[in-house]
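For reference, protein.cif is printed below; it contains mmCIF, C-alpha atoms.
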```
data_start
loop_
_atom_site.label_atom_id
_atom_site.label_comp_id
_atom_site.auth_asym_id
_atom_site.auth_seq_id
_atom_site.Cartn_x
_atom_site.Cartn_y
_atom_site.Cartn_z
CA MET A 1 -15.86 6.62 -51.36
CA ASP A 2 -15.96 5.74 -47.66
CA ILE A 3 -14.79 8.60 -45.46
CA ASP A 4 -12.35 7.43 -42.80
CA TRP A 5 -11.85 10.62 -40.81
CA LYS A 6 -12.19 8.84 -37.47
CA TYR A 7 -8.99 6.89 -38.07
CA GLY A 8 -7.24 9.33 -40.37
CA ALA A 9 -4.17 9.60 -38.13
CA ARG A 10 -3.57 5.85 -37.93
CA GLY A 11 0.07 5.06 -38.70
CA ARG A 12 0.76 8.60 -39.92
CA ARG A 13 2.50 11.78 -38.81
CA PHE A 14 0.10 14.59 -37.96
CA ILE A 15 -0.31 18.14 -36.73
CA ALA A 16 -3.31 18.89 -34.53
CA SER A 17 -5.56 21.94 -34.40
CA PHE A 18 -5.34 22.95 -30.75
CA SER A 19 -7.66 25.14 -28.65
CA GLY A 20 -6.47 23.99 -25.24
CA GLY A 21 -10.00 22.75 -24.53
CA LYS A 22 -11.35 19.28 -23.88
CA ASP A 23 -12.31 18.24 -27.43
CA SER A 24 -8.98 19.16 -29.00
CA ILE A 25 -7.09 17.44 -26.16
CA LEU A 26 -9.18 14.25 -26.35
CA ALA A 27 -8.73 14.14 -30.14
CA LEU A 28 -4.98 14.64 -29.69
CA TYR A 29 -4.87 11.87 -27.09
CA LYS A 30 -6.71 9.43 -29.35
CA ALA A 31 -4.62 10.35 -32.41
CA MET A 32 -1.40 9.87 -30.43
CA GLN A 33 -2.46 6.30 -29.64
CA GLU A 34 -2.39 5.56 -33.38
CA GLY A 35 -0.06 8.03 -35.09
CA GLU A 36 2.88 10.33 -34.48
CA ALA A 37 2.21 13.89 -33.33
CA MET A 38 4.50 16.55 -34.77
CA GLY A 39 3.00 19.71 -33.32
CA LEU A 40 -0.02 21.83 -32.43
CA ILE A 41 -1.65 24.53 -34.54
CA VAL A 42 -2.75 27.52 -32.45
CA MET A 43 -4.41 30.48 -34.14
CA MET A 44 -4.17 33.81 -32.32
CA GLU A 45 -6.36 36.92 -32.53
CA GLU A 46 -5.02 39.83 -34.60
CA GLU A 47 -3.03 41.40 -31.77
CA GLY A 48 -1.54 38.03 -30.76
CA LYS A 49 -2.58 38.47 -27.12
CA ARG A 50 -5.22 35.72 -26.96
CA SER A 51 -5.90 32.47 -28.77
CA ARG A 52 -8.60 32.75 -31.42
CA SER A 53 -10.71 29.82 -30.20
CA HIS A 54 -10.77 30.02 -26.40
CA GLY A 55 -9.17 33.39 -25.65
CA LEU A 56 -6.16 31.98 -23.80
CA PRO A 57 -2.97 34.00 -23.28
CA PRO A 58 0.03 32.71 -25.28
CA ALA A 59 1.98 31.81 -22.12
CA LEU A 60 -0.79 29.47 -20.97
CA VAL A 61 -1.08 27.74 -24.35
CA GLN A 62 2.71 27.40 -24.42
CA ALA A 63 2.65 25.86 -20.93
CA GLN A 64 0.08 23.29 -22.09
CA ALA A 65 2.22 22.45 -25.13
CA ASP A 66 5.40 22.22 -23.04
CA SER A 67 3.74 19.82 -20.58
CA ILE A 68 2.45 17.72 -23.49
CA GLY A 69 5.89 17.92 -25.12
CA LEU A 70 4.93 19.22 -28.56
CA PRO A 71 5.96 22.35 -30.49
CA ILE A 72 3.43 24.99 -31.50
CA TYR A 73 2.77 26.24 -35.02
CA THR A 74 1.16 29.61 -34.41
CA ALA A 75 0.18 32.81 -36.17
CA ALA A 76 -2.13 35.77 -35.59
CA ALA A 77 -5.00 36.33 -38.00
CA SER A 78 -8.22 38.27 -38.41
CA TRP A 79 -11.35 36.37 -39.42
CA THR A 80 -10.83 37.80 -42.91
CA ASP A 81 -7.46 36.16 -43.48
CA TYR A 82 -7.95 33.23 -41.09
CA GLU A 83 -8.16 30.59 -43.81
CA LYS A 84 -5.10 31.86 -45.66
CA VAL A 85 -2.98 31.95 -42.48
CA PHE A 86 -4.24 28.54 -41.32
CA LEU A 87 -3.29 27.10 -44.70
CA GLN A 88 0.21 28.56 -44.38
CA LEU A 89 0.65 26.79 -41.03
CA LEU A 90 -0.54 23.51 -42.57
CA GLU A 91 1.92 23.91 -45.41
CA GLN A 92 4.69 24.58 -42.90
CA GLY A 93 3.77 21.39 -41.05
CA LYS A 94 3.65 19.41 -44.28
CA SER A 95 7.12 20.68 -45.27
CA GLN A 96 8.38 19.20 -41.99
CA GLY A 97 6.80 15.82 -42.63
CA ALA A 98 3.17 16.03 -41.50
CA GLU A 99 0.75 13.87 -43.47
CA VAL A 100 -2.53 14.57 -41.66
CA LEU A 101 -4.41 17.40 -39.90
CA VAL A 102 -6.16 16.25 -36.70
CA THR A 103 -9.12 18.19 -35.25
CA GLY A 104 -11.49 17.68 -32.31
CA ASP A 105 -14.77 18.09 -34.18
CA LEU A 106 -17.68 15.76 -33.36
CA ASP A 107 -20.46 16.85 -35.70
CA MET A 108 -18.84 17.79 -39.00
CA PRO A 109 -20.98 17.01 -42.08
CA ALA A 110 -19.59 14.31 -44.34
CA HIS A 111 -19.67 16.76 -47.25
CA GLY A 112 -18.72 20.42 -47.27
CA CYS A 113 -16.45 20.12 -44.20
CA TRP A 114 -14.15 23.17 -43.90
CA HIS A 115 -11.32 21.19 -42.34
CA ASP A 116 -11.49 18.63 -45.13
CA LYS A 117 -11.27 21.36 -47.74
CA ILE A 118 -8.35 23.17 -46.10
CA ALA A 119 -6.46 19.91 -45.47
CA GLN A 120 -6.87 18.90 -49.11
CA ASN A 121 -5.65 22.35 -50.20
CA ALA A 122 -2.49 21.74 -48.18
CA GLY A 123 -2.09 18.21 -49.53
CA LEU A 124 -2.87 16.62 -46.17
CA GLY A 125 -5.28 13.96 -44.99
CA LEU A 126 -7.81 14.63 -42.23
CA GLY A 127 -8.18 12.87 -38.90
CA MET A 128 -11.14 13.54 -36.58
CA PRO A 129 -10.97 10.89 -33.82
CA LEU A 130 -14.16 12.20 -32.15
CA TRP A 131 -16.20 12.39 -35.34
CA GLU A 132 -19.81 11.20 -34.88
CA MET A 133 -19.21 10.24 -31.22
CA ASP A 134 -22.11 10.54 -28.82
CA HIS A 135 -21.57 13.81 -26.96
CA LYS A 136 -22.02 12.42 -23.46
CA GLU A 137 -19.87 9.39 -24.29
CA ALA A 138 -17.06 11.69 -25.48
CA VAL A 139 -17.02 13.91 -22.41
CA LEU A 140 -17.27 10.97 -19.99
CA GLU A 141 -14.38 9.22 -21.74
CA PHE A 142 -12.38 12.42 -21.35
CA ILE A 143 -13.15 12.60 -17.62
CA HIS A 144 -12.53 8.89 -16.99
CA LEU A 145 -9.14 9.05 -18.71
CA GLY A 146 -8.15 11.40 -15.90
CA PHE A 147 -8.10 14.79 -17.61
CA THR A 148 -8.85 17.92 -15.57
CA THR A 149 -10.60 20.75 -17.38
CA MET A 150 -12.17 23.99 -16.17
CA VAL A 151 -15.10 25.95 -17.62
CA VAL A 152 -13.75 29.32 -18.81
CA THR A 153 -16.47 30.67 -21.15
CA VAL A 154 -20.26 30.45 -20.81
CA ASN A 155 -23.11 31.59 -23.03
CA LEU A 156 -25.68 33.00 -20.63
CA SER A 157 -28.43 32.82 -23.26
CA LEU A 158 -28.06 29.02 -23.54
CA GLY A 159 -28.71 28.01 -19.93
CA MET A 160 -25.22 28.52 -18.53
CA GLN A 161 -24.59 30.80 -15.54
CA GLU A 162 -21.67 32.80 -14.21
CA ASP A 163 -21.48 30.29 -11.34
CA ASP A 164 -20.43 27.66 -13.89
CA LEU A 165 -17.18 29.52 -14.55
CA GLY A 166 -14.24 27.81 -12.87
CA ARG A 167 -16.07 24.52 -12.36
CA VAL A 168 -14.22 21.32 -13.26
CA LEU A 169 -15.95 18.71 -15.41
CA THR A 170 -16.93 15.64 -13.37
CA ASP A 171 -19.51 12.87 -13.81
CA GLU A 172 -21.79 14.68 -11.36
CA TYR A 173 -21.45 18.03 -13.13
CA ILE A 174 -22.23 16.41 -16.49
CA GLU A 175 -25.42 14.95 -15.00
CA GLU A 176 -26.30 18.41 -13.64
CA LEU A 177 -25.77 20.04 -17.03
CA GLU A 178 -28.04 17.47 -18.65
CA THR A 179 -30.81 18.08 -16.12
CA ARG A 180 -30.51 21.77 -17.01
CA GLY A 181 -31.01 20.90 -20.68
CA ILE A 182 -27.41 21.68 -21.66
CA ASP A 183 -25.34 19.60 -24.09
CA PRO A 184 -22.70 17.95 -21.84
CA CYS A 185 -20.09 18.58 -24.53
CA GLY A 186 -21.06 22.21 -25.07
CA GLU A 187 -21.33 21.55 -28.80
CA GLY A 188 -24.03 24.19 -29.18
CA GLY A 189 -21.59 26.84 -27.96
CA GLU A 190 -22.90 26.68 -24.39
CA PHE A 191 -19.42 26.65 -22.83
CA HIS A 192 -15.70 26.27 -23.45
CA THR A 193 -13.06 24.72 -21.21
CA THR A 194 -9.32 24.82 -20.61
CA VAL A 195 -7.46 21.59 -19.82
CA ILE A 196 -4.81 21.83 -17.11
CA ASP A 197 -3.85 18.19 -16.38
CA GLY A 198 -4.27 14.62 -17.55
CA PRO A 199 -2.56 11.61 -19.12
CA LEU A 200 -0.96 13.65 -21.93
CA PHE A 201 0.59 16.10 -19.47
CA LYS A 202 3.99 15.51 -17.87
CA TYR A 203 2.94 17.87 -15.08
CA PRO A 204 -0.16 19.96 -14.25
CA VAL A 205 -0.40 23.47 -15.66
CA SER A 206 -0.80 25.78 -12.67
CA VAL A 207 -3.23 28.65 -13.30
CA ARG A 208 -4.78 31.49 -11.36
CA GLN A 209 -8.24 32.85 -12.01
CA GLY A 210 -8.85 36.49 -12.89
CA GLU A 211 -11.95 38.63 -12.52
CA ILE A 212 -15.01 37.51 -14.51
CA LEU A 213 -15.55 39.52 -17.70
CA ARG A 214 -18.89 40.04 -19.43
CA GLN A 215 -19.54 40.76 -23.07
CA GLY A 216 -23.09 40.59 -24.37
CA GLU A 217 -24.49 37.13 -23.71
CA TYR A 218 -21.07 35.76 -22.75
CA ALA A 219 -19.15 35.64 -19.49
CA PHE A 220 -15.46 34.75 -19.37
CA LEU A 221 -13.10 33.59 -16.63
CA PRO A 222 -9.60 34.76 -17.60
CA LEU A 223 -6.86 32.30 -16.68
CA GLU A 224 -3.23 33.27 -16.33
CA LEU A 225 -0.20 31.08 -15.84
CA ASP A 226 0.60 30.88 -12.14
CA SER A 227 4.36 31.28 -12.24
#
```
Translate the structure described by the file into structure tokens.
Amino acid sequence: MDIDWKYGARGRRFIASFSGGKDSILALYKAMQEGEAMGLIVMMEEEGKRSRSHGLPPALVQAQADSIGLPIYTAAASWTDYEKVFLQLLEQGKSQGAEVLVTGDLDMPAHGCWHDKIAQNAGLGLGMPLWEMDHKEAVLEFIHLGFTTMVVTVNLSLGMQEDDLGRVLTDEYIEELETRGIDPCGEGGEFHTTVIDGPLFKYPVSVRQGEILRQGEYAFLPLELDS
């Protein structure tokens, strides 16, 4: 059977796994060119104070969703019950008419893919518009579409530096990252970003930067909504 994850959202209603970062936003953008978005799935840490994927405060994720114009399906979960809670959100989306789960993964294996398994368990199809894209091609497309995204997490053991925090992805910065031996998409966990403007947004999300935090090999730039 041919796997058609790249175009899984074509002509269908979908809910999208949403981190607020560049890959999930680019996947959402591409899926919305072909299908109908119903909402965004955002998993929170146990206490509900930060998003599970990129550590964003709920108000900032809500501001992104409001600017995009989509509702959020959200729940807090530990890593232990993550899959069960994620499945419950998928089932909620399906009950409201969703047919497909969309994610921003690039390098998922064709077999044994977690998102494929969880989508099938919920009775949904899977759409991964960025699947098997060249990493540099994906990030340059994102930039050239006019999205603005800021580096908010860096892994200091993988060539990133604290000075990278707060930088906005541009063609020049991507070239710099490559000369430093860093995947321009951060697919090895080198960095994470938060998107604050672009063609999906009705208006920019205004943020203020907090004090840099350090934890082991990671450094984080907390962002708060600038009210």
Counting only C-alpha atoms, which residues in segment 112-142 of chain A sit no more than 7 Å from segment 85-105 of chain A? For each one, give the nearest pair of atoms and the distance in Å, sorted by chain then residue number, as CSV.
```
residue,atom,partner,partner_atom,distance
A:Ile118,CA,A:Leu87,CA,6.6
A:Ala119,CA,A:Leu101,CA,6.4
A:Ala122,CA,A:Glu91,CA,5.6
A:Leu124,CA,A:Val100,CA,5.0
A:Gly125,CA,A:Val100,CA,4.4
A:Leu126,CA,A:Leu101,CA,5.0
A:Gly127,CA,A:Val102,CA,4.5
A:Met128,CA,A:Thr103,CA,5.2
A:Pro129,CA,A:Gly104,CA,7.0
A:Leu130,CA,A:Gly104,CA,6.1
A:Trp131,CA,A:Asp105,CA,6.0
```
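Considering the residues A:Met32, A:Glu45, A:Ile3, A:Asp163 and counting only C-alpha atoms, Tyr82 of chain A has its shortest atom-to-atom contact with A:Glu45.
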What are the closest atom pairs, with distances in Å to one decimal, for all residues of segment 38-119 of chain A lying within 10 Å of segment 187-194 of chain A? Consider all atoms listed in the file, order rows by chain and residue number, and present the result as JSON lines.
```
{"residue": "A:Ser53", "atom": "CA", "partner": "A:His192", "partner_atom": "CA", "distance": 9.1}
{"residue": "A:His54", "atom": "CA", "partner": "A:His192", "partner_atom": "CA", "distance": 6.9}
{"residue": "A:Gly55", "atom": "CA", "partner": "A:His192", "partner_atom": "CA", "distance": 9.9}
{"residue": "A:Leu56", "atom": "CA", "partner": "A:Thr194", "partner_atom": "CA", "distance": 8.5}
{"residue": "A:Leu60", "atom": "CA", "partner": "A:Thr194", "partner_atom": "CA", "distance": 9.7}
{"residue": "A:Val61", "atom": "CA", "partner": "A:Thr194", "partner_atom": "CA", "distance": 9.5}
{"residue": "A:Gln64", "atom": "CA", "partner": "A:Thr194", "partner_atom": "CA", "distance": 9.6}
{"residue": "A:Asp105", "atom": "CA", "partner": "A:Glu187", "partner_atom": "CA", "distance": 9.2}
{"residue": "A:Leu106", "atom": "CA", "partner": "A:Glu187", "partner_atom": "CA", "distance": 8.2}
{"residue": "A:Asp107", "atom": "CA", "partner": "A:Glu187", "partner_atom": "CA", "distance": 8.4}
```
TODO: Quick one: pull the distance between atom CA of Val42 of chain A and atom CA of Asp197 of chain A, Å, one decimal.
DONE: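 Computing the Euclidean distance for atom CA of Val42 of chain A and atom CA of Asp197 of chain A yields 18.6 Å.
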Open item on the list: Can you measure atom CA of Pro184 of chain A to atom CA of Ser19 of chain A for me? One decimal in Å is fine.
Closed with: 18.0 Å
TODO: Apply the PyMOL selection byres ((chain A and resi 142) around 12) to the displayed file and report the matching residues as a PyMOL selection string.
DONE: chain A and resi 21-30+130+135-141+143-149+169-171+174+184-185+195+197-200
Kindly provide, as AutoDock Vina command-line options, the centre and edge lengths (Å, one decimal) of an axis-aligned box around all atoms of segment 92-97 of chain A given in the file, with 6 Å on each side.
```
--center_x 6.0 --center_y 20.2 --center_z -43.2 --size_x 16.7 --size_y 20.8 --size_z 16.2
```
Open item on the list: Calculated over only C-alpha atoms, which of the candidates A:Ile182, A:Ala63, A:Tyr73, A:Gln33 has the smallest distance to Ala16 of chain A?
Closed with: A:Tyr73
Final all heavy atoms of segment 118-129 of chain A as a short mmCIF file (atom, residue, chain, number, x, y, z; two decimals), keeping the file's coordinate frame:
```
data_model
loop_
_atom_site.label_atom_id
_atom_site.label_comp_id
_atom_site.auth_asym_id
_atom_site.auth_seq_id
_atom_site.Cartn_x
_atom_site.Cartn_y
_atom_site.Cartn_z
N ILE A 118 -9.63 22.51 -46.35
CA ILE A 118 -8.35 23.17 -46.10
C ILE A 118 -7.21 22.16 -46.04
O ILE A 118 -6.09 22.42 -46.51
CB ILE A 118 -8.41 24.02 -44.80
CG1 ILE A 118 -7.26 25.02 -44.74
CG2 ILE A 118 -8.42 23.20 -43.54
CD1 ILE A 118 -7.56 26.35 -45.34
N ALA A 119 -7.49 20.96 -45.51
CA ALA A 119 -6.46 19.91 -45.47
C ALA A 119 -6.11 19.48 -46.89
O ALA A 119 -4.92 19.32 -47.23
CB ALA A 119 -6.94 18.72 -44.65
N GLN A 120 -7.13 19.30 -47.72
CA GLN A 120 -6.87 18.90 -49.11
C GLN A 120 -6.07 19.98 -49.84
O GLN A 120 -5.17 19.66 -50.62
CB GLN A 120 -8.19 18.65 -49.83
CG GLN A 120 -8.87 17.34 -49.42
CD GLN A 120 -10.07 17.03 -50.30
OE1 GLN A 120 -10.12 17.39 -51.46
NE2 GLN A 120 -11.05 16.33 -49.73
N ASN A 121 -6.38 21.26 -49.57
CA ASN A 121 -5.65 22.35 -50.20
C ASN A 121 -4.17 22.33 -49.83
O ASN A 121 -3.32 22.76 -50.61
CB ASN A 121 -6.26 23.70 -49.83
CG ASN A 121 -7.59 23.96 -50.51
OD1 ASN A 121 -7.95 23.25 -51.45
ND2 ASN A 121 -8.33 24.94 -50.03
N ALA A 122 -3.88 21.83 -48.63
CA ALA A 122 -2.49 21.74 -48.18
C ALA A 122 -1.84 20.41 -48.55
O ALA A 122 -0.66 20.19 -48.27
CB ALA A 122 -2.42 21.93 -46.66
N GLY A 123 -2.62 19.52 -49.17
CA GLY A 123 -2.09 18.21 -49.53
C GLY A 123 -1.99 17.26 -48.35
O GLY A 123 -1.15 16.35 -48.33
N LEU A 124 -2.87 17.46 -47.36
CA LEU A 124 -2.87 16.62 -46.17
C LEU A 124 -4.16 15.81 -46.08
O LEU A 124 -5.19 16.20 -46.62
CB LEU A 124 -2.78 17.48 -44.90
CG LEU A 124 -1.51 18.31 -44.70
CD1 LEU A 124 -1.67 19.22 -43.49
CD2 LEU A 124 -0.29 17.43 -44.54
N GLY A 125 -4.08 14.70 -45.36
CA GLY A 125 -5.28 13.96 -44.99
C GLY A 125 -5.92 14.60 -43.78
O GLY A 125 -5.40 15.57 -43.21
N LEU A 126 -7.08 14.08 -43.38
CA LEU A 126 -7.81 14.63 -42.23
C LEU A 126 -8.11 13.51 -41.24
O LEU A 126 -8.58 12.44 -41.62
CB LEU A 126 -9.13 15.27 -42.69
CG LEU A 126 -10.01 15.89 -41.60
CD1 LEU A 126 -9.29 17.02 -40.89
CD2 LEU A 126 -11.33 16.37 -42.20
N GLY A 127 -7.84 13.80 -39.97
CA GLY A 127 -8.18 12.87 -38.90
C GLY A 127 -9.06 13.55 -37.87
O GLY A 127 -8.69 14.60 -37.33
N MET A 128 -10.23 13.00 -37.61
CA MET A 128 -11.14 13.54 -36.58
C MET A 128 -11.54 12.38 -35.66
O MET A 128 -12.58 11.74 -35.87
CB MET A 128 -12.36 14.21 -37.23
CG MET A 128 -12.00 15.45 -38.01
SD MET A 128 -13.40 16.55 -38.40
CE MET A 128 -14.33 15.54 -39.55
N PRO A 129 -10.72 12.07 -34.66
CA PRO A 129 -10.97 10.89 -33.82
C PRO A 129 -12.31 10.91 -33.08
O PRO A 129 -12.79 9.86 -32.66
CB PRO A 129 -9.80 10.92 -32.83
CG PRO A 129 -8.73 11.71 -33.52
CD PRO A 129 -9.45 12.73 -34.33
#
```
